[in-house]
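Okay, upload.csv now, which holds CSV, C-alpha atoms and all ligand atoms:
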chain,number,residue,atom,x,y,z
A,934,MET,CA,0.0,0.0,0.0
A,935,GLU,CA,1.2,3.5,-0.7
A,936,ARG,CA,1.9,5.9,2.1
A,937,VAL,CA,0.0,9.1,2.7
A,938,TYR,CA,2.1,11.6,4.7
A,939,ILE,CA,0.5,13.4,7.6
A,940,PHE,CA,1.4,17.0,7.8
A,941,ASP,CA,0.1,18.4,11.1
A,942,THR,CA,-0.6,22.1,11.2
A,943,THR,CA,-2.3,22.2,14.6
A,944,LEU,CA,0.4,24.5,15.9
A,945,ARG,CA,0.2,26.9,12.9
A,946,ASP,CA,-3.2,27.0,11.2
A,947,GLY,CA,-4.8,25.4,14.2
A,948,GLU,CA,-3.4,28.1,16.4
A,949,GLN,CA,-5.0,30.6,14.1
A,950,SER,CA,-8.4,29.6,15.6
A,951,PRO,CA,-9.9,32.8,17.1
A,952,GLY,CA,-9.1,33.1,20.8
A,953,VAL,CA,-6.3,30.5,20.8
A,954,SER,CA,-2.7,31.4,21.7
A,955,LEU,CA,-0.2,28.9,22.9
A,956,ASN,CA,3.0,29.8,24.8
A,957,VAL,CA,6.4,28.2,24.0
A,958,LYS,CA,6.1,25.6,26.7
A,959,GLU,CA,2.6,24.5,25.6
A,960,LYS,CA,3.7,24.3,21.9
A,961,VAL,CA,6.6,22.1,22.8
A,962,GLU,CA,4.4,19.8,24.9
A,963,ALA,CA,1.9,19.6,22.0
A,964,ALA,CA,4.7,18.9,19.5
A,965,ARG,CA,6.2,16.1,21.6
A,966,GLN,CA,2.8,14.5,21.6
A,967,LEU,CA,2.3,14.9,17.9
A,968,ALA,CA,5.7,13.2,17.4
A,969,ARG,CA,4.5,10.3,19.6
A,970,LEU,CA,1.3,10.2,17.5
A,971,GLY,CA,3.5,9.5,14.5
A,972,VAL,CA,2.8,12.5,12.2
A,973,ASP,CA,5.4,13.0,9.5
A,974,VAL,CA,5.6,16.8,9.5
A,975,ILE,CA,4.9,19.3,12.3
A,976,GLU,CA,4.2,22.8,11.1
A,977,ALA,CA,5.5,24.5,14.2
A,978,GLY,CA,4.4,28.1,13.3
A,979,PHE,CA,4.9,31.2,11.3
A,980,PRO,CA,8.1,32.7,12.7
A,981,VAL,CA,7.8,36.1,11.2
A,982,ALA,CA,4.4,36.6,12.9
A,983,SER,CA,5.7,37.3,16.4
A,984,PRO,CA,8.8,36.8,18.6
A,985,GLY,CA,6.8,34.2,20.6
A,986,ASP,CA,6.1,32.1,17.5
A,987,PHE,CA,9.7,32.4,16.5
A,988,SER,CA,10.8,31.0,19.9
A,989,ALA,CA,8.3,28.3,19.8
A,990,CYS,CA,9.5,27.1,16.4
A,991,ARG,CA,13.1,27.2,17.5
A,992,GLU,CA,12.4,25.3,20.8
A,993,ILE,CA,10.4,22.6,18.9
A,994,ALA,CA,13.2,22.3,16.3
A,995,ARG,CA,15.7,21.8,19.1
A,996,ALA,CA,13.6,19.4,21.3
A,997,VAL,CA,11.5,17.2,19.0
A,998,ARG,CA,13.3,14.5,17.0
A,999,GLY,CA,12.2,11.9,14.5
A,1000,VAL,CA,9.9,14.1,12.6
A,1001,THR,CA,10.2,16.9,10.0
A,1002,ILE,CA,9.8,20.4,11.5
A,1003,CYS,CA,8.4,23.0,9.2
A,1004,ALA,CA,7.9,26.8,9.4
A,1005,LEU,CA,5.7,28.9,7.2
A,1006,ALA,CA,6.9,31.9,5.2
A,1007,ARG,CA,5.3,34.2,2.7
A,1008,ALA,CA,7.1,34.4,-0.6
A,1009,ARG,CA,9.4,37.1,0.7
A,1010,GLN,CA,13.1,36.8,1.6
A,1011,ALA,CA,12.7,38.3,5.1
A,1012,ASP,CA,10.0,35.7,6.0
A,1013,ILE,CA,12.2,32.9,4.6
A,1014,ASP,CA,15.3,34.1,6.5
A,1015,ARG,CA,13.2,34.2,9.7
A,1016,ALA,CA,11.7,30.8,9.1
A,1017,TRP,CA,15.1,29.3,8.5
A,1018,GLU,CA,16.6,30.9,11.6
A,1019,ALA,CA,13.9,29.4,13.6
A,1020,ILE,CA,14.1,25.8,12.4
A,1021,LYS,CA,17.7,25.3,11.3
A,1022,GLU,CA,18.5,23.1,14.3
A,1023,ALA,CA,15.8,20.6,13.5
A,1024,GLU,CA,16.8,17.1,12.6
A,1025,ALA,CA,14.8,17.4,9.3
A,1026,PRO,CA,13.9,21.1,8.6
A,1027,ARG,CA,11.3,22.2,6.0
A,1028,ILE,CA,10.6,25.7,4.7
A,1029,HIS,CA,7.0,26.2,3.6
A,1030,THR,CA,6.5,29.2,1.4
A,1031,PHE,CA,3.3,30.4,-0.2
A,1032,ILE,CA,1.7,33.0,-2.4
A,1033,ALA,CA,-1.9,33.3,-3.6
A,1034,THR,CA,-2.8,32.4,-7.2
A,1035,SER,CA,-6.5,33.3,-7.5
A,1036,ASP,CA,-7.4,36.5,-9.4
A,1037,ILE,CA,-9.4,37.7,-6.4
A,1038,HIS,CA,-6.4,37.6,-4.2
A,1039,LEU,CA,-4.1,39.0,-6.9
A,1040,ARG,CA,-6.4,41.9,-7.5
A,1041,TYR,CA,-7.5,42.9,-4.0
A,1042,LYS,CA,-4.9,41.6,-1.6
A,1043,LEU,CA,-1.6,41.3,-3.4
A,1044,ARG,CA,-2.2,43.9,-6.1
A,1045,MET,CA,0.1,41.9,-8.3
A,1046,THR,CA,-0.1,40.7,-11.9
A,1047,ARG,CA,0.0,37.0,-12.8
A,1048,GLU,CA,3.5,37.4,-14.1
A,1049,GLN,CA,4.7,39.0,-10.9
A,1050,VAL,CA,3.2,36.1,-8.9
A,1051,LEU,CA,5.0,33.6,-11.1
A,1052,GLU,CA,8.2,35.4,-10.5
A,1053,ALA,CA,7.7,35.7,-6.8
A,1054,ALA,CA,6.9,32.0,-6.5
A,1055,ARG,CA,10.0,31.0,-8.4
A,1056,GLU,CA,12.3,33.3,-6.5
A,1057,ALA,CA,10.9,32.3,-3.1
A,1058,VAL,CA,11.4,28.6,-3.7
A,1059,ALA,CA,14.9,29.2,-5.1
A,1060,TYR,CA,15.8,31.3,-2.1
A,1061,ALA,CA,14.5,28.8,0.4
A,1062,LYS,CA,16.3,26.1,-1.4
A,1063,ARG,CA,19.6,27.8,-0.6
A,1064,TYR,CA,18.9,26.9,3.1
A,1065,THR,CA,17.4,23.4,2.8
A,1066,SER,CA,16.6,20.7,0.3
A,1067,ASP,CA,13.1,20.2,1.7
A,1068,VAL,CA,10.9,23.1,0.4
A,1069,GLU,CA,7.2,23.1,0.2
A,1070,PHE,CA,5.3,25.5,-2.0
A,1071,SER,CA,1.6,26.4,-1.5
A,1072,ALA,CA,-0.7,28.2,-4.0
A,1073,GLU,CA,-3.0,29.9,-1.6
A,1074,ASP,CA,-6.7,29.9,-2.7
A,1075,ALA,CA,-5.8,27.3,-5.3
A,1076,SER,CA,-9.4,26.0,-5.5
A,1077,ARG,CA,-10.6,29.4,-6.7
A,1078,SER,CA,-7.7,29.9,-9.1
A,1079,ASP,CA,-7.7,29.5,-12.9
A,1080,PRO,CA,-6.4,25.9,-13.2
A,1081,ASP,CA,-4.1,26.8,-16.2
A,1082,PHE,CA,-2.4,29.6,-14.3
A,1083,LEU,CA,-2.3,27.4,-11.2
A,1084,CYS,CA,-0.5,24.6,-13.1
A,1085,ARG,CA,2.0,27.2,-14.5
A,1086,VAL,CA,2.8,28.5,-11.0
A,1087,LEU,CA,3.3,25.0,-9.7
A,1088,ALA,CA,5.5,24.1,-12.6
A,1089,GLU,CA,7.7,27.2,-11.9
A,1090,ALA,CA,7.9,26.2,-8.2
A,1091,ILE,CA,8.9,22.6,-9.1
A,1092,ALA,CA,11.5,23.9,-11.6
A,1093,ALA,CA,12.9,26.1,-8.8
A,1094,GLY,CA,13.3,23.1,-6.5
A,1095,ALA,CA,10.0,22.6,-4.5
A,1096,THR,CA,9.7,19.0,-3.3
A,1097,VAL,CA,6.1,19.3,-2.2
A,1098,VAL,CA,3.4,21.3,-3.9
A,1099,ASN,CA,0.4,22.0,-1.7
A,1100,ILE,CA,-3.1,22.8,-3.0
A,1101,PRO,CA,-5.2,24.7,-0.4
A,1102,ASP,CA,-8.9,25.1,-0.4
A,1103,THR,CA,-8.2,28.2,1.6
A,1104,VAL,CA,-11.8,29.3,2.1
A,1105,GLY,CA,-13.4,25.9,2.2
A,1106,TYR,CA,-15.4,26.5,-1.0
A,1107,ALA,CA,-14.7,23.3,-3.0
A,1108,VAL,CA,-16.9,20.2,-3.0
A,1109,PRO,CA,-15.4,16.8,-3.2
A,1110,GLU,CA,-16.0,15.9,-6.9
A,1111,GLU,CA,-14.6,19.3,-8.0
A,1112,PHE,CA,-11.6,19.2,-5.6
A,1113,GLY,CA,-10.7,15.7,-6.7
A,1114,GLU,CA,-10.9,16.8,-10.3
A,1115,LEU,CA,-8.6,19.7,-9.6
A,1116,ILE,CA,-5.9,17.4,-8.2
A,1117,ARG,CA,-6.3,15.1,-11.2
A,1118,THR,CA,-5.9,18.1,-13.6
A,1119,ILE,CA,-2.8,19.2,-11.7
A,1120,ARG,CA,-1.4,15.7,-12.0
A,1121,GLU,CA,-2.1,15.6,-15.8
A,1122,LYS,CA,-1.1,19.1,-16.7
A,1123,THR,CA,1.8,20.3,-14.6
A,1124,PRO,CA,5.3,19.6,-16.0
A,1125,GLY,CA,7.5,18.0,-13.4
A,1126,ILE,CA,4.7,17.0,-11.1
A,1127,GLU,CA,5.8,13.3,-11.0
A,1128,LYS,CA,9.0,14.4,-9.2
A,1129,VAL,CA,7.2,15.9,-6.2
A,1130,VAL,CA,4.6,15.0,-3.6
A,1131,ILE,CA,1.2,16.6,-4.1
A,1132,SER,CA,-0.4,17.8,-0.9
A,1133,CYS,CA,-3.8,19.1,0.0
A,1134,HIS,CA,-4.9,21.6,2.7
A,1135,CYS,CA,-8.7,21.8,3.1
A,1136,HIS,CA,-10.7,24.2,5.2
A,1137,ASN,CA,-14.1,23.4,6.6
A,1138,ASP,CA,-16.3,26.3,5.8
A,1139,LEU,CA,-18.9,24.1,4.2
A,1140,GLY,CA,-18.2,21.1,6.5
A,1141,LEU,CA,-16.4,19.3,3.6
A,1142,ALA,CA,-12.8,19.5,4.6
A,1143,VAL,CA,-12.4,15.8,5.4
A,1144,ALA,CA,-14.5,14.8,2.3
A,1145,ASN,CA,-12.3,17.0,0.1
A,1146,THR,CA,-9.1,15.6,1.6
A,1147,LEU,CA,-10.3,12.1,0.9
A,1148,ALA,CA,-11.2,13.1,-2.7
A,1149,ALA,CA,-7.7,14.5,-3.1
A,1150,ILE,CA,-6.2,11.2,-1.9
A,1151,ARG,CA,-8.3,9.3,-4.4
A,1152,ASN,CA,-6.9,11.5,-7.1
A,1153,GLY,CA,-3.2,11.2,-6.2
A,1154,ALA,CA,-2.5,13.5,-3.2
A,1155,ARG,CA,0.1,11.8,-1.0
A,1156,GLN,CA,0.4,14.5,1.8
A,1157,VAL,CA,-2.6,15.8,3.7
A,1158,GLU,CA,-2.5,18.9,5.9
A,1159,VAL,CA,-4.7,18.5,8.9
A,1160,THR,CA,-5.2,19.6,12.5
A,1161,VAL,CA,-6.1,17.7,15.7
A,1162,ASN,CA,-9.8,18.1,16.5
A,1163,GLY,CA,-10.1,20.0,13.2
A,1164,ILE,CA,-9.3,23.4,14.8
A,1165,GLY,CA,-8.2,26.3,12.7
A,1166,GLU,CA,-9.2,29.5,11.0
A,1167,ARG,CA,-13.0,30.1,11.0
A,1168,ALA,CA,-14.7,26.7,10.8
A,1169,GLY,CA,-11.3,25.0,11.0
A,1170,ASN,CA,-9.2,22.5,8.9
A,1171,ALA,CA,-9.6,18.9,8.0
A,1172,ALA,CA,-9.5,16.9,11.3
A,1173,LEU,CA,-6.5,14.6,11.5
A,1174,GLU,CA,-8.3,11.9,13.4
A,1175,GLU,CA,-11.2,11.8,10.9
A,1176,VAL,CA,-9.0,11.6,7.9
A,1177,VAL,CA,-6.7,9.0,9.4
A,1178,MET,CA,-9.5,6.8,10.7
A,1179,ALA,CA,-11.5,7.1,7.4
A,1180,LEU,CA,-8.3,5.7,5.7
A,1181,TYR,CA,-8.0,3.0,8.4
A,1182,ALA,CA,-11.7,2.0,8.4
A,1183,ARG,CA,-11.9,2.0,4.6
A,1184,ARG,CA,-8.4,0.8,3.8
A,1185,ALA,CA,-9.7,-1.7,1.2
A,1186,LEU,CA,-11.1,1.2,-0.7
A,1187,TYR,CA,-8.3,3.7,-0.4
A,1188,GLN,CA,-5.4,1.3,-0.5
A,1189,VAL,CA,-3.1,3.7,1.4
A,1190,THR,CA,-1.5,3.7,4.9
A,1191,THR,CA,-0.3,6.4,7.3
A,1192,GLY,CA,2.4,6.3,9.9
A,1193,ILE,CA,-0.1,7.3,12.7
A,1194,ARG,CA,-0.1,5.3,16.0
A,1195,THR,CA,-3.8,5.4,16.2
A,1196,GLU,CA,-3.9,4.4,19.9
A,1197,GLU,CA,-2.4,7.9,20.6
A,1198,ILE,CA,-5.3,9.7,18.9
A,1199,TYR,CA,-7.6,10.1,21.9
A,1200,ARG,CA,-4.9,11.3,24.2
A,1201,THR,CA,-3.7,13.8,21.6
A,1202,SER,CA,-7.2,15.1,21.1
A,1203,LYS,CA,-7.6,15.6,24.9
A,1204,LEU,CA,-4.2,17.4,25.2
A,1205,ILE,CA,-4.9,19.8,22.3
A,1206,SER,CA,-8.4,20.6,23.7
A,1207,SER,CA,-7.0,21.4,27.1
A,1208,LEU,CA,-4.0,23.4,25.9
A,1209,THR,CA,-6.2,25.5,23.5
A,1210,GLY,CA,-9.2,25.7,25.7
A,1211,MET,CA,-11.3,24.6,22.7
A,1212,PRO,CA,-13.8,21.9,23.9
A,1213,VAL,CA,-14.6,19.0,21.6
A,1214,GLN,CA,-18.3,18.8,20.7
A,1215,PRO,CA,-19.9,15.6,22.1
A,1216,ASN,CA,-21.0,14.3,18.8
A,1217,LYS,CA,-17.6,14.9,17.0
A,1218,ALA,CA,-16.6,11.9,14.9
A,1219,ILE,CA,-13.9,9.7,16.4
A,1220,VAL,CA,-12.9,11.8,19.5
A,1221,GLY,CA,-16.3,13.2,20.8
A,1222,LYS,CA,-17.6,12.0,24.1
A,1223,ASN,CA,-20.5,10.2,22.3
A,1224,ALA,CA,-18.5,8.8,19.4
A,1225,PHE,CA,-18.6,5.3,21.0
A,1226,ALA,CA,-21.6,5.7,23.3
A,1227,HIS,CA,-24.9,3.9,22.7
A,1228,GLU,CA,-28.2,4.9,24.2
A,1229,SER,CA,-31.0,3.1,22.4
A,1230,GLY,CA,-32.1,-0.3,23.6
A,1231,ILE,CA,-31.8,-1.8,20.1
A,1232,HIS,CA,-28.3,-0.5,19.6
A,1233,GLN,CA,-27.2,-1.5,23.1
A,1234,ASP,CA,-28.6,-5.0,22.6
A,1235,GLY,CA,-26.8,-5.3,19.3
A,1236,VAL,CA,-23.4,-4.1,20.7
A,1237,LEU,CA,-23.7,-6.4,23.7
A,1238,LYS,CA,-24.2,-9.4,21.4
A,1239,GLU,CA,-21.6,-8.3,18.9
A,1240,ARG,CA,-19.8,-4.9,18.9
A,1241,THR,CA,-19.6,-4.6,15.1
A,1242,THR,CA,-23.4,-4.4,14.7
A,1243,TYR,CA,-23.3,-0.7,15.6
A,1244,GLU,CA,-19.6,0.2,15.7
A,1245,ILE,CA,-17.3,0.5,12.7
A,1246,ILE,CA,-14.2,1.1,14.7
A,1247,ASP,CA,-13.0,-0.7,17.9
A,1248,PRO,CA,-12.6,2.3,20.4
A,1249,ALA,CA,-9.4,0.6,21.7
A,1250,VAL,CA,-7.8,1.3,18.3
A,1251,ILE,CA,-7.9,5.1,19.0
A,1252,GLY,CA,-7.0,4.7,22.7
A,1253,VAL,CA,-10.4,4.6,24.3
A,1254,PRO,CA,-10.6,1.5,26.5
A,1255,ARG,CA,-14.2,0.6,25.5
A,1256,SER,CA,-17.6,1.7,24.2
A,1257,ARG,CA,-20.0,3.3,26.6
A,1258,LEU,CA,-23.5,2.2,27.1
A,1259,VAL,CA,-25.5,5.2,28.3
A,1260,LEU,CA,-28.5,4.4,30.4
A,1261,GLY,CA,-31.4,6.6,29.5
A,1262,LYS,CA,-35.1,6.4,28.5
A,1263,HIS,CA,-34.3,4.7,25.2
A,1264,SER,CA,-32.3,1.9,26.8
A,1265,GLY,CA,-33.5,-1.7,27.1
A,1266,ARG,CA,-33.4,-4.5,29.6
A,1267,HIS,CA,-30.3,-6.1,28.2
A,1268,ALA,CA,-28.0,-3.1,28.9
A,1269,PHE,CA,-29.7,-2.5,32.2
A,1270,ARG,CA,-29.1,-6.0,33.4
A,1271,VAL,CA,-25.5,-6.0,32.2
A,1272,ARG,CA,-24.7,-2.7,34.0
A,1273,LEU,CA,-26.2,-4.1,37.2
A,1274,GLN,CA,-24.1,-7.2,36.8
A,1275,GLU,CA,-21.0,-5.0,36.4
A,1276,LEU,CA,-22.0,-3.2,39.6
A,1277,GLY,CA,-22.3,-6.6,41.4
A,1278,TYR,CA,-26.0,-7.4,41.3
A,1279,GLU,CA,-27.5,-10.7,40.1
A,1280,LEU,CA,-31.2,-10.0,40.2
A,1281,SER,CA,-33.9,-12.6,39.8
A,1282,GLU,CA,-36.2,-12.2,36.8
A,1283,GLU,CA,-38.9,-10.7,39.1
A,1284,GLU,CA,-36.5,-8.3,40.8
A,1285,LEU,CA,-35.1,-7.2,37.5
A,1286,ASN,CA,-38.6,-6.5,36.1
A,1287,ALA,CA,-39.5,-4.3,39.1
A,1288,ALA,CA,-36.2,-2.5,39.1
A,1289,PHE,CA,-36.4,-1.9,35.3
A,1290,GLN,CA,-39.9,-0.4,35.7
A,1291,ARG,CA,-38.6,2.0,38.3
A,1292,PHE,CA,-35.6,2.8,36.1
A,1293,LYS,CA,-37.9,3.8,33.2
A,1294,GLU,CA,-39.9,6.0,35.5
A,1295,LEU,CA,-36.7,7.7,36.7
A,1296,CYS,CA,-35.6,8.2,33.0
A,1297,ASP,CA,-38.7,10.3,32.4
A,1298,ARG,CA,-37.4,12.7,35.1
A,1299,LYS,CA,-33.7,12.5,34.5
A,1300,LYS,CA,-31.8,12.5,31.1
A,1301,GLU,CA,-28.8,10.3,31.9
A,1302,ILE,CA,-28.8,7.7,34.7
A,1303,THR,CA,-25.6,7.4,36.6
A,1304,ASP,CA,-24.2,4.4,38.5
A,1305,ASP,CA,-25.2,6.2,41.8
A,1306,ASP,CA,-28.8,6.5,40.5
A,1307,LEU,CA,-28.8,2.8,39.8
A,1308,LEU,CA,-27.3,1.8,43.2
A,1309,ALA,CA,-30.0,4.0,44.9
A,1310,LEU,CA,-32.7,2.4,42.8
A,1311,VAL,CA,-31.7,-1.2,43.5
A,1312,GLU,CA,-31.2,-0.4,47.1
A,1313,GLU,CA,-34.8,0.9,47.3
A,1314,GLU,CA,-36.2,-1.9,45.3
A,1315,ILE,CA,-34.6,-5.0,46.8
A,1316,GLY,CA,-32.9,-3.7,49.9
A,1317,GLN,CA,-29.5,-5.1,48.9
A,1318,VAL,CA,-26.2,-3.3,49.3
B,1,LIG,O1,-5.4,28.0,4.0
B,1,LIG,C1,-4.3,28.3,3.4
B,1,LIG,O2,-4.3,28.6,2.2
B,1,LIG,C2,-3.1,28.2,4.2
B,1,LIG,C3,-1.8,28.3,3.4
B,1,LIG,C4,-0.8,29.2,4.1
B,1,LIG,C5,-1.2,26.9,3.2
B,1,LIG,O3,-3.1,28.0,5.4
B,2,ZN,ZN,-5.1,27.1,5.9

Spit out the file's structure as structure tokens when you get a sec.
Amino acid sequence: MERVYIFDTTLRDGEQSPGVSLNVKEKVEAARQLARLGVDVIEAGFPVASPGDFSACREIARAVRGVTICALARARQADIDRAWEAIKEAEAPRIHTFIATSDIHLRYKLRMTREQVLEAAREAVAYAKRYTSDVEFSAEDASRSDPDFLCRVLAEAIAAGATVVNIPDTVGYAVPEEFGELIRTIREKTPGIEKVVISCHCHNDLGLAVANTLAAIRNGARQVEVTVNGIGERAGNAALEEVVMALYARRALYQVTTGIRTEEIYRTSKLISSLTGMPVQPNKAIVGKNAFAHESGIHQDGVLKERTTYEIIDPAVIGVPRSRLVLGKHSGRHAFRVRLQELGYELSEEELNAAFQRFKELCDRKKEITDDDLLALVEEEIGQV
């Protein structure tokens, strides 16, 4: 199976989530955990943005081994100098330089012509290449760019020495068929593309970041840029855990692997949530509190008989010890009996019926029934304990 490289940008694009700011110590702690998780590249920050971001990149480059450490730079010499200064002590440093390619960005933001952008892309990559052999080039707003111009810019970047070309859906506007098609067009029409890794970087403004990332992989992308818990600018970036577990759960379809130690996923999600102060929504795929919880009686009965009836992933694979059966008004006798057994009660059929009836009455008054509620209920019913 071919390998898909996981480029984690939690500490750069993820940190661009409104209200999030990590200090140097927190960033180093997060980077160590990302290395443990097995990501291939850590984008540590944007060194020219602030002295704090510069220091964080430098400390990560010094402290975290066994993974490529990357720093972002606009297509400007001063940015590239600063990025290199920050990461030069890394075991495997990468400079990531970018410039926008869409007409809307050229006209209103950059105030540059297409020819000037071509020139800037070429010069930035060549300049970064003087520092390190590993240079990534991104065409910002690629998905809203004229594909012919985009391919020309990518070809210039490759000719200047880029080893990875990244295709961002910067504003999360693409839909999967279209984004997959764009990657295919780039593969077919860009001279030199076979020498480099094609990367994708999808934002989640329409809730399609993961779907677009998977479409890119189907069409030949072999690096994906993702963040833990999907944090990032506005609605965030493609979630690392969702992309990785989709590739894992549907490996027969995708025929690719990653280097991720999946059993570290849950711990990593918790750490990033606590460092950033961004809670994970309960129904979030893979790492949400309810991702492996079952409330309805039919589902609980199925899972108790055979887990795979209602679970596509064994929670242990992502580091969650086991699924959770939530006792509430939709729960059935099977789950109720099993939970009581786990709490040490073997009830007769008659006792169980009576206790179950009381339990259902309680459920109409209380949403989620805890073990303490169950203990009180059984104590009242049968006088045990
Ligand atoms: O979303 C984007 O276009 C980016 C680039 C800098 C890669 O974050
Ligand atoms: Zn981005």

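Minimum atom-to-atom distances from A:Ala1182, A:Leu1204, A:Val1213, A:Ala964 to Glu1244 of chain A were compared using all atoms listed in the file, and the lowest value belongs to A:Ala1182.
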
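Using all atoms listed in the file, the shortest contact distance between Leu1087 of chain A and any of A:Ser1066, A:Thr943, A:Thr1034, A:Ser1202 is found at A:Thr1034.
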
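For the pair atom CA of Val1311 of chain A and atom CA of Ala1288 of chain A, the interatomic distance is 6.4 Å.
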
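Considering only C-alpha atoms and all ligand atoms, the residues that reside within 7 Å of ligand LIG 1 (chain B) can be listed as Asp946, Phe1031, Ser1071, Glu1073, Asp1074, Pro1101, Asp1102, Thr1103, Val1104, His1134 and His1136 of chain A.
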
*Throw together the list of residues within 12 Å of ligand ZN 2 (chain B), counting only C-alpha atoms and all ligand atoms, and drop it here as a PyMOL selection string.*
chain A and resi 941-950+976+1005+1031+1033+1071-1075+1099-1105+1133-1138+1142+1157-1160+1163-1171

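Separating atom CA of Ile1245 of chain A from atom CA of Leu1260 of chain A is a distance of 21.3 Å.
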
*So how many Å separate atom CA of Ala994 of chain A and atom CA of Glu1022 of chain A, to one decimal?*
5.7 Å

*asked:* Which residue is closest to Ile1150 of chain A? Choose from A:Lys1122, A:Lys1021, A:Arg1117, A:His1263 and count all atoms listed in the file.
replied: A:Arg1117

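Considering all atoms listed in the file, the residue among A:Arg1044, A:Arg1184, A:His1029, A:Lys958 positioned nearest to Gly985 of chain A is A:Lys958.
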
*Just the residues within 7 Å of Ala1008 of chain A, please, counting only C-alpha atoms, with nothing from its chain fewer than 4 positions along; format it as a VMD selection string.*
chain A and resid 1030 to 1032 1053 to 1054 1057

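The smallest atom-to-atom distance between Val1143 of chain A and any of A:Glu1284, A:Glu1127, A:Asn1162, A:Arg1298, using all atoms listed in the file, is found for A:Asn1162.
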
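Counting only C-alpha atoms and comparing A:Asp1081, A:Pro1212, A:Arg998, A:Met934, the residue that lies closest to Gln1188 of chain A is A:Met934.
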
Sorted by chain and rising residue number, which residues of segment 953-1055 of chain A lie within 10 Å of segment 1194-1198 of chain A, and what are their closest atom pairs and distances in Å to one decimal, counting all atoms listed in the file, as a tab-separated table?
residue	atom	partner	partner_atom	distance
A:Gln966	CA	A:Glu1197	CA	8.5
A:Leu967	CA	A:Glu1197	CA	8.9
A:Ala968	CA	A:Arg1194	CA	9.9
A:Arg969	CA	A:Glu1197	CA	7.4
A:Leu970	CA	A:Arg1194	CA	5.3
A:Gly971	CA	A:Arg1194	CA	5.7
A:Val972	CA	A:Arg1194	CA	8.6

_Protein and nucleic acid residues near (-8.5, 40.3, -9.6) (cut-off 12 Å, all atoms listed in the file) as a PyMOL selection string_ = chain A and resi 1033-1047+1077-1079

*asked:* Need to verify the contact set: Ala1023 of chain A, 7 Å, all atoms listed in the file, exclusion of same-chain residues closer than 2 positions in sequence. Can you return it as a PyMOL selection string?
replied: chain A and resi 994-995+1002+1020-1021+1025-1026
